[in-house]
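Raw contents of run-v6.json, JSON, C-alpha atoms:
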```json
[["chain", "number", "residue", "atom", "x", "y", "z"],
["A", 925, "MET", "CA", 89.89, 132.13, 68.98],
["A", 926, "ILE", "CA", 86.24, 133.13, 68.97],
["A", 927, "SER", "CA", 85.26, 129.89, 67.22],
["A", 928, "THR", "CA", 87.01, 127.94, 69.99],
["A", 929, "VAL", "CA", 84.98, 129.82, 72.59],
["A", 930, "ILE", "CA", 81.78, 129.05, 70.66],
["A", 931, "TRP", "CA", 82.80, 125.39, 70.46],
["A", 932, "CYS", "CA", 83.35, 125.26, 74.22],
["A", 933, "LEU", "CA", 79.97, 126.90, 74.83],
["A", 934, "PHE", "CA", 78.20, 124.32, 72.69],
["A", 935, "ALA", "CA", 80.14, 121.44, 74.26],
["A", 936, "GLY", "CA", 79.28, 122.74, 77.74],
["A", 937, "MET", "CA", 75.64, 123.08, 76.79],
["A", 938, "THR", "CA", 75.60, 119.51, 75.47],
["A", 939, "VAL", "CA", 77.14, 118.04, 78.62],
["A", 940, "MET", "CA", 75.05, 120.12, 81.04],
["A", 941, "ALA", "CA", 71.83, 119.24, 79.24],
["A", 942, "ALA", "CA", 72.83, 115.57, 79.25],
["A", 943, "LEU", "CA", 73.42, 115.77, 83.01],
["A", 944, "ALA", "CA", 69.94, 117.26, 83.36],
["A", 945, "VAL", "CA", 68.55, 114.25, 81.47],
["A", 946, "ALA", "CA", 70.27, 111.81, 83.78],
["A", 947, "THR", "CA", 69.48, 113.52, 87.09],
["A", 948, "SER", "CA", 66.39, 115.73, 86.79],
["A", 949, "LYS", "CA", 63.43, 114.62, 88.89],
["A", 950, "ASN", "CA", 60.90, 116.00, 86.45],
["A", 951, "VAL", "CA", 60.42, 113.88, 83.33],
["A", 952, "VAL", "CA", 59.51, 116.91, 81.23],
["A", 953, "HIS", "CA", 62.75, 118.60, 82.28],
["A", 954, "CYS", "CA", 64.57, 115.47, 81.17],
["A", 955, "GLY", "CA", 62.91, 115.81, 77.77],
["A", 956, "PHE", "CA", 63.99, 119.41, 77.41],
["A", 957, "GLY", "CA", 67.50, 118.50, 78.54],
["A", 958, "LEU", "CA", 67.57, 115.94, 75.75],
["A", 959, "LEU", "CA", 66.44, 118.66, 73.33],
["A", 960, "PHE", "CA", 69.35, 120.95, 74.19],
["A", 961, "SER", "CA", 71.81, 118.08, 74.25],
["A", 962, "LEU", "CA", 70.79, 117.00, 70.75],
["A", 963, "LEU", "CA", 71.00, 120.58, 69.49],
["A", 964, "GLY", "CA", 74.52, 120.79, 70.90],
["A", 965, "VAL", "CA", 75.43, 117.59, 69.07],
["A", 966, "CYS", "CA", 74.02, 119.17, 65.92],
["A", 967, "ALA", "CA", 76.39, 122.12, 66.46],
["A", 968, "MET", "CA", 79.27, 119.64, 66.77],
["A", 969, "TYR", "CA", 78.29, 118.20, 63.38],
["A", 970, "VAL", "CA", 78.42, 121.71, 61.93],
["A", 971, "PHE", "CA", 81.90, 122.23, 63.37],
["A", 972, "LEU", "CA", 82.95, 118.92, 61.82],
["A", 973, "GLY", "CA", 81.64, 119.93, 58.40],
["A", 974, "ALA", "CA", 78.86, 117.34, 58.35],
["A", 975, "ASP", "CA", 76.19, 119.57, 56.82],
["A", 976, "PHE", "CA", 73.77, 116.84, 55.79],
["A", 977, "LEU", "CA", 74.02, 115.08, 59.14],
["A", 978, "ALA", "CA", 73.42, 118.33, 61.03],
["A", 979, "ALA", "CA", 70.17, 118.87, 59.13],
["A", 980, "THR", "CA", 69.20, 115.22, 59.60],
["A", 981, "GLN", "CA", 69.97, 115.42, 63.30],
["A", 982, "VAL", "CA", 67.52, 118.28, 63.72],
["A", 983, "ILE", "CA", 64.83, 116.66, 61.58],
["A", 984, "VAL", "CA", 65.04, 113.09, 62.90],
["A", 985, "TYR", "CA", 66.11, 113.53, 66.53],
["A", 986, "VAL", "CA", 64.65, 116.89, 67.51],
["A", 987, "GLY", "CA", 61.68, 116.82, 65.18],
["A", 988, "GLY", "CA", 60.89, 113.11, 65.38],
["A", 989, "ILE", "CA", 62.28, 111.13, 68.28],
["A", 990, "LEU", "CA", 62.05, 113.93, 70.84],
["A", 991, "VAL", "CA", 58.46, 114.74, 69.95],
["A", 992, "LEU", "CA", 57.68, 111.02, 70.19],
["A", 993, "ILE", "CA", 59.30, 110.84, 73.64],
["A", 994, "LEU", "CA", 57.39, 113.91, 74.83],
["A", 995, "PHE", "CA", 54.19, 112.27, 73.60],
["A", 996, "GLY", "CA", 55.21, 109.23, 75.62],
["A", 997, "VAL", "CA", 55.66, 111.46, 78.66],
["A", 998, "MET", "CA", 52.21, 112.95, 78.19],
["A", 999, "MET", "CA", 50.52, 109.59, 77.57],
["A", 1000, "THR", "CA", 52.01, 107.97, 80.67],
["A", 1001, "HIS", "CA", 52.31, 110.87, 83.10],
["A", 1002, "ARG", "CA", 49.30, 111.19, 85.34],
["A", 1003, "ILE", "CA", 48.95, 114.60, 86.91],
["A", 1004, "THR", "CA", 47.63, 113.30, 90.18],
["A", 1005, "ALA", "CA", 50.03, 110.42, 90.45],
["A", 1006, "THR", "CA", 52.87, 110.56, 92.91],
["A", 1007, "ASP", "CA", 53.96, 106.97, 92.34],
["A", 1008, "LEU", "CA", 55.87, 107.99, 89.23],
["A", 1009, "LYS", "CA", 59.19, 106.95, 90.65],
["A", 1010, "SER", "CA", 61.76, 109.51, 89.64],
["A", 1011, "GLU", "CA", 64.16, 109.07, 92.51],
["A", 1012, "LEU", "CA", 67.64, 107.82, 91.92],
["A", 1013, "VAL", "CA", 68.45, 104.19, 92.62],
["A", 1014, "GLN", "CA", 71.76, 102.36, 92.78],
["A", 1015, "PRO", "CA", 73.73, 105.60, 92.93],
["A", 1016, "VAL", "CA", 76.98, 103.88, 93.87],
["A", 1017, "ALA", "CA", 76.86, 101.32, 91.07],
["A", 1018, "ALA", "CA", 75.84, 103.96, 88.56],
["A", 1019, "LEU", "CA", 78.61, 106.33, 89.59],
["A", 1020, "ILE", "CA", 81.22, 103.57, 89.53],
["A", 1021, "ALA", "CA", 80.18, 102.48, 86.04],
["A", 1022, "ALA", "CA", 79.99, 105.98, 84.61],
["A", 1023, "VAL", "CA", 83.22, 107.22, 86.19],
["A", 1024, "ALA", "CA", 85.04, 104.06, 85.15],
["A", 1025, "ILE", "CA", 83.96, 104.50, 81.52],
["A", 1026, "LEU", "CA", 84.87, 108.18, 81.63],
["A", 1027, "VAL", "CA", 88.29, 107.82, 83.27],
["A", 1028, "LEU", "CA", 89.44, 104.80, 81.28],
["A", 1029, "SER", "CA", 88.33, 106.20, 77.94],
["A", 1030, "VAL", "CA", 89.69, 109.71, 78.54],
["A", 1031, "GLY", "CA", 92.97, 108.19, 79.67],
["A", 1032, "MET", "CA", 93.11, 106.17, 76.47],
["A", 1033, "ILE", "CA", 92.23, 109.25, 74.37],
["A", 1034, "LEU", "CA", 94.93, 111.39, 75.97],
["A", 1035, "GLU", "CA", 97.54, 108.66, 75.63],
["A", 1036, "GLN", "CA", 96.92, 108.00, 71.96],
["A", 1037, "VAL", "CA", 98.52, 110.08, 69.21],
["A", 1038, "TRP", "CA", 95.71, 111.22, 66.91],
["A", 1039, "PRO", "CA", 95.93, 112.54, 63.34],
["A", 1040, "ALA", "CA", 97.08, 116.14, 63.49],
["A", 1041, "LYS", "CA", 94.83, 119.08, 62.80],
["A", 1042, "GLU", "CA", 97.16, 120.52, 60.13],
["A", 1043, "HIS", "CA", 96.29, 117.85, 57.58],
["A", 1044, "LEU", "CA", 92.60, 118.69, 57.51],
["A", 1045, "ASP", "CA", 90.97, 119.30, 54.17],
["A", 1046, "PRO", "CA", 88.72, 122.34, 53.80],
["A", 1047, "ILE", "CA", 85.09, 121.75, 54.61],
["A", 1048, "THR", "CA", 83.14, 120.79, 51.50],
["A", 1049, "PRO", "CA", 79.47, 119.85, 51.00],
["A", 1050, "THR", "CA", 78.92, 116.15, 51.63],
["A", 1051, "THR", "CA", 75.53, 115.62, 50.02],
["A", 1052, "HIS", "CA", 76.83, 114.57, 46.61],
["A", 1053, "ALA", "CA", 79.19, 111.97, 48.04],
["A", 1054, "PHE", "CA", 76.36, 110.80, 50.30],
["A", 1055, "GLY", "CA", 74.05, 110.21, 47.37],
["A", 1056, "VAL", "CA", 76.71, 108.38, 45.40],
["A", 1057, "SER", "CA", 77.68, 106.07, 48.26],
["A", 1058, "PHE", "CA", 74.05, 105.29, 49.10],
["A", 1059, "LEU", "CA", 73.32, 104.18, 45.57],
["A", 1060, "THR", "CA", 76.57, 102.27, 45.06],
["A", 1061, "ASP", "CA", 78.50, 100.88, 48.03],
["A", 1062, "TYR", "CA", 75.70, 101.06, 50.57],
["A", 1063, "LEU", "CA", 72.74, 100.17, 48.36],
["A", 1064, "PHE", "CA", 71.76, 97.04, 50.28],
["A", 1065, "PRO", "CA", 72.06, 98.58, 53.79],
["A", 1066, "PHE", "CA", 70.11, 101.59, 52.51],
["A", 1067, "GLU", "CA", 67.23, 99.43, 51.28],
["A", 1068, "PHE", "CA", 67.43, 97.31, 54.41],
["A", 1069, "ALA", "CA", 67.16, 100.42, 56.59],
["A", 1070, "SER", "CA", 64.04, 101.51, 54.72],
["A", 1071, "VAL", "CA", 62.47, 98.08, 55.20],
["A", 1072, "LEU", "CA", 63.44, 98.21, 58.89],
["A", 1073, "LEU", "CA", 61.73, 101.58, 59.29],
["A", 1074, "LEU", "CA", 58.61, 100.29, 57.53],
["A", 1075, "VAL", "CA", 58.51, 97.23, 59.80],
["A", 1076, "ALA", "CA", 58.95, 99.43, 62.87],
["A", 1077, "LEU", "CA", 56.18, 101.76, 61.67],
["A", 1078, "ILE", "CA", 53.69, 98.94, 61.10],
["A", 1079, "GLY", "CA", 54.73, 97.20, 64.31],
["A", 1080, "ALA", "CA", 54.25, 100.31, 66.40],
["A", 1081, "ALA", "CA", 50.86, 100.94, 64.83],
["A", 1082, "MET", "CA", 49.82, 97.32, 65.51],
["A", 1083, "PHE", "CA", 50.90, 97.55, 69.16],
["A", 1084, "THR", "CA", 48.89, 100.64, 69.96],
["A", 1085, "ARG", "CA", 45.81, 99.81, 67.90],
["A", 1086, "ASP", "CA", 43.60, 99.42, 70.95],
["A", 1087, "SER", "CA", 42.41, 96.01, 69.67],
["A", 1088, "ALA", "CA", 39.99, 97.74, 67.30],
["A", 1089, "GLY", "CA", 40.29, 94.89, 64.81],
["A", 1090, "GLU", "CA", 38.53, 92.38, 67.05],
["A", 1091, "ASP", "CA", 35.25, 94.17, 67.49],
["A", 1092, "SER", "CA", 35.23, 96.36, 64.42],
["A", 1093, "ASP", "CA", 32.56, 94.17, 62.79],
["A", 1094, "HIS", "CA", 30.14, 95.03, 65.60],
["A", 1095, "VAL", "CA", 30.29, 98.71, 64.85],
["B", 1155, "MET", "CA", 84.14, 139.98, 59.42],
["B", 1156, "PRO", "CA", 85.93, 136.70, 58.69],
["B", 1157, "ASP", "CA", 84.16, 134.16, 56.53],
["B", 1158, "LEU", "CA", 83.06, 130.78, 57.81],
["B", 1159, "GLN", "CA", 86.02, 128.87, 56.39],
["B", 1160, "SER", "CA", 88.63, 130.94, 58.22],
["B", 1161, "LEU", "CA", 86.56, 130.67, 61.39],
["B", 1162, "GLY", "CA", 86.80, 126.92, 61.04],
["B", 1163, "ASP", "CA", 90.52, 127.11, 60.47],
["B", 1164, "ASN", "CA", 91.06, 129.10, 63.66],
["B", 1165, "LEU", "CA", 89.36, 126.42, 65.72],
["B", 1166, "GLN", "CA", 91.80, 125.21, 68.38],
["B", 1167, "VAL", "CA", 89.97, 121.92, 68.81],
["B", 1168, "GLY", "CA", 91.35, 118.54, 67.86],
["B", 1169, "LEU", "CA", 90.05, 115.02, 67.49],
["B", 1170, "GLU", "CA", 90.74, 114.26, 71.15],
["B", 1171, "HIS", "CA", 88.33, 117.02, 72.23],
["B", 1172, "TYR", "CA", 85.50, 115.54, 70.19],
["B", 1173, "LEU", "CA", 86.29, 112.08, 71.52],
["B", 1174, "THR", "CA", 86.33, 113.37, 75.10],
["B", 1175, "LEU", "CA", 82.96, 115.04, 74.58],
["B", 1176, "SER", "CA", 81.64, 111.80, 73.12],
["B", 1177, "VAL", "CA", 82.90, 109.77, 76.07],
["B", 1178, "MET", "CA", 81.40, 112.27, 78.53],
["B", 1179, "LEU", "CA", 78.00, 112.00, 76.87],
["B", 1180, "PHE", "CA", 78.27, 108.20, 76.80],
["B", 1181, "SER", "CA", 79.09, 107.95, 80.49],
["B", 1182, "ILE", "CA", 76.28, 110.35, 81.38],
["B", 1183, "GLY", "CA", 73.97, 108.13, 79.35],
["B", 1184, "THR", "CA", 75.21, 105.08, 81.27],
["B", 1185, "LEU", "CA", 74.61, 106.97, 84.49],
["B", 1186, "GLY", "CA", 71.05, 107.72, 83.43],
["B", 1187, "VAL", "CA", 70.27, 104.14, 82.46],
["B", 1188, "ILE", "CA", 71.54, 102.71, 85.75],
["B", 1189, "PHE", "CA", 70.40, 105.60, 87.96],
["B", 1190, "ARG", "CA", 66.77, 105.82, 86.98],
["B", 1191, "ARG", "CA", 63.81, 103.47, 87.17],
["B", 1192, "ASN", "CA", 61.57, 105.54, 84.92],
["B", 1193, "VAL", "CA", 61.47, 103.86, 81.51],
["B", 1194, "LEU", "CA", 61.12, 107.14, 79.66],
["B", 1195, "VAL", "CA", 64.26, 108.59, 81.24],
["B", 1196, "MET", "CA", 66.14, 105.37, 80.57],
["B", 1197, "PHE", "CA", 64.97, 105.67, 76.99],
["B", 1198, "MET", "CA", 66.30, 109.22, 76.71],
["B", 1199, "SER", "CA", 69.61, 108.10, 78.18],
["B", 1200, "VAL", "CA", 69.90, 105.37, 75.56],
["B", 1201, "GLU", "CA", 69.31, 108.00, 72.89],
["B", 1202, "LEU", "CA", 72.11, 110.05, 74.45],
["B", 1203, "MET", "CA", 74.46, 107.07, 74.25],
["B", 1204, "LEU", "CA", 73.60, 106.50, 70.59],
["B", 1205, "THR", "CA", 74.19, 110.16, 69.81],
["B", 1206, "SER", "CA", 77.50, 110.24, 71.65],
["B", 1207, "VAL", "CA", 78.82, 107.43, 69.48],
["B", 1208, "ASN", "CA", 77.69, 109.39, 66.43],
["B", 1209, "ILE", "CA", 79.88, 112.32, 67.47],
["B", 1210, "SER", "CA", 83.00, 110.18, 67.55],
["B", 1211, "LEU", "CA", 82.09, 108.58, 64.21],
["B", 1212, "VAL", "CA", 81.73, 111.96, 62.54],
["B", 1213, "ALA", "CA", 84.93, 113.24, 64.19],
["B", 1214, "PHE", "CA", 86.93, 110.26, 62.94],
["B", 1215, "SER", "CA", 85.34, 110.71, 59.55],
["B", 1216, "ARG", "CA", 86.51, 114.31, 59.43],
["B", 1217, "TYR", "CA", 90.02, 113.71, 60.71],
["B", 1218, "LEU", "CA", 90.67, 110.62, 58.59],
["B", 1219, "ASP", "CA", 88.99, 112.25, 55.56],
["B", 1220, "ASP", "CA", 86.66, 109.31, 54.96],
["B", 1221, "LEU", "CA", 82.93, 109.74, 54.38],
["B", 1222, "ASN", "CA", 81.99, 106.20, 55.44],
["B", 1223, "GLY", "CA", 81.60, 107.36, 59.04],
["B", 1224, "HIS", "CA", 78.87, 109.76, 57.96],
["B", 1225, "VAL", "CA", 76.99, 106.95, 56.23],
["B", 1226, "LEU", "CA", 77.23, 104.82, 59.36],
["B", 1227, "VAL", "CA", 75.83, 107.69, 61.43],
["B", 1228, "LEU", "CA", 72.84, 107.88, 59.11],
["B", 1229, "PHE", "CA", 72.15, 104.17, 59.66],
["B", 1230, "VAL", "CA", 72.44, 104.66, 63.42],
["B", 1231, "LEU", "CA", 69.88, 107.45, 63.09],
["B", 1232, "ALA", "CA", 67.50, 105.13, 61.23],
["B", 1233, "VAL", "CA", 67.87, 102.41, 63.85],
["B", 1234, "ALA", "CA", 67.39, 104.95, 66.66],
["B", 1235, "ALA", "CA", 64.18, 106.16, 65.04],
["B", 1236, "ALA", "CA", 62.86, 102.61, 64.68],
["B", 1237, "GLU", "CA", 63.86, 101.83, 68.27],
["B", 1238, "ALA", "CA", 62.10, 104.93, 69.59],
["B", 1239, "GLY", "CA", 58.92, 104.18, 67.68],
["B", 1240, "VAL", "CA", 58.59, 100.54, 68.73],
["B", 1241, "GLY", "CA", 59.88, 101.14, 72.26],
["B", 1242, "LEU", "CA", 57.41, 103.91, 72.99],
["B", 1243, "ALA", "CA", 54.56, 101.88, 71.49],
["B", 1244, "ILE", "CA", 55.40, 98.99, 73.83],
["B", 1245, "LEU", "CA", 55.76, 101.42, 76.73],
["B", 1246, "VAL", "CA", 52.33, 102.96, 76.17],
["B", 1247, "GLU", "CA", 50.75, 99.50, 75.97],
["B", 1248, "ILE", "CA", 52.44, 98.39, 79.19],
["B", 1249, "PHE", "CA", 51.32, 101.60, 80.86],
["B", 1250, "LYS", "CA", 47.72, 100.91, 79.84],
["B", 1251, "LYS", "CA", 47.89, 97.45, 81.47],
["B", 1252, "ARG", "CA", 50.09, 98.13, 84.51],
["B", 1253, "ASP", "CA", 49.50, 101.83, 85.14],
["B", 1254, "THR", "CA", 53.15, 102.54, 85.84],
["B", 1255, "VAL", "CA", 56.36, 103.44, 84.04],
["B", 1256, "ASP", "CA", 58.62, 101.95, 86.71],
["B", 1257, "VAL", "CA", 60.83, 99.21, 85.24],
["B", 1258, "ASP", "CA", 60.90, 97.36, 88.54],
["B", 1259, "GLU", "CA", 57.18, 96.72, 88.11],
["B", 1260, "PHE", "CA", 57.60, 95.18, 84.66],
["B", 1261, "ARG", "CA", 57.89, 91.56, 85.72],
["B", 1262, "GLN", "CA", 55.38, 89.72, 83.57],
["B", 1263, "LEU", "CA", 58.06, 87.59, 81.98],
["B", 1264, "MET", "CA", 59.41, 86.52, 85.39],
["B", 1265, "GLU", "CA", 56.11, 85.56, 86.98]]
```

Could the structure of this file be written out as structure tokens, please?
Amino acid sequence: MISTVIWCLFAGMTVMAALAVATSKNVVHCGFGLLFSLLGVCAMYVFLGADFLAATQVIVYVGGILVLILFGVMMTHRITATDLKSELVQPVAALIAAVAILVLSVGMILEQVWPAKEHLDPITPTTHAFGVSFLTDYLFPFEFASVLLLVALIGAAMFTRDSAGEDSDHV
Amino acid sequence: MPDLQSLGDNLQVGLEHYLTLSVMLFSIGTLGVIFRRNVLVMFMSVELMLTSVNISLVAFSRYLDDLNGHVLVLFVLAVAAAEAGVGLAILVEIFKKRDTVDVDEFRQLME
């Protein structure tokens, strides 16, 4: 019973924080909404027994992507500027799209018969199976993902290099 | 004081609850992408959509007792990290040139 209440609290936190991301006028508030939403998703991973993914979620999303986004906010947000458009546009189209996705998908979910809860295995650590599948079945995607991350890293560094390479010989 | 395993067993939450949560997050992300003209907020909404799909992948993985969903989530995480890095780098460069983060102003390719 108490774990169900805790689950509902985390789910509510996730959804409320996500709503704050989508509607808050202040970009920094949006960032903090994203923080709490991602932490709620991390709690969902814990409930689902995905221990490794919960840790990765905190490290990659909260520790990496969110910090990067907040840096983006700071680099592009001018204190004096009022032209930072944060107002909502196309509210009707946005609401129609979002509500249509929500209603259709929830209708489908409620209609479908899903695997029952009684057949669940006890929660076990997943790290060993992770390691095995990364070095056997998923070896090529694993290496490809590392190359992708390297390419993204070098590309991002090249983009923001401030064209130092062109006049570095003058210095 | 019950241990963690029995706490998990008492959970009155099924696969459909996780899927509903996932769909709610996805539609809120859609709302954010269409609603807002600020690139950073659109960016955050895209991250929300990616994460919402991860929830349903992990939930299916748990309820079908198949670890492949977890592996897929890890690849989604890697792609999201790469996307955030490159996207924000491009955004900062555009901001240096155009002095705005409003997507309606980003029209260089059209002109």

Residues of chain B no more than 6 Å from chain A, counting all atoms listed in the file: send them over as a list in words. Leu1165, Gln1166, Ser1181, Thr1184, Leu1185, Gly1186, Ile1188, Phe1189, Arg1190, Ala1236, Val1240 and Ala1243 of chain B

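Taking CA of Val1225 (chain B) as the reference point, CA of Pro1049 (chain A) is found at 14.1 Å.
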
So, counting all atoms listed in the file, which residue among B:Ile1209, B:Leu1263, B:Val1257, B:Leu1231 is closest to Phe1180 (chain B)?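 For Phe1180 (chain B), the nearest of the given residues is B:Ile1209.
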
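CA of Val1071 (chain A) to CA of Val1233 (chain B) spans 11.1 Å [interatomic distance, one decimal].
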
Could you work out how far CA of Asp1253 (chain B) lies from CA of Gly1183 (chain B), giving the answer in Å with one decimal? 25.9 Å

Test item: residues at most 9 Å from Val1193 (chain B), all atoms listed in the file, excluding those fewer than 6 positions along its chain, as a PyMOL selection string: chain B and resi 1187+1245+1255-1257

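Proximity of B:Val1227, B:Leu1242, B:Ala1235, B:Ile1248 to Met1196 (chain B), computed with all atoms listed in the file, is greatest for B:Leu1242.
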
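Distances here use all atoms listed in the file; by that measure, the residue among B:Leu1218, B:Val1246, B:Leu1179, B:Met1203 closest to Val1230 (chain B) is B:Met1203.
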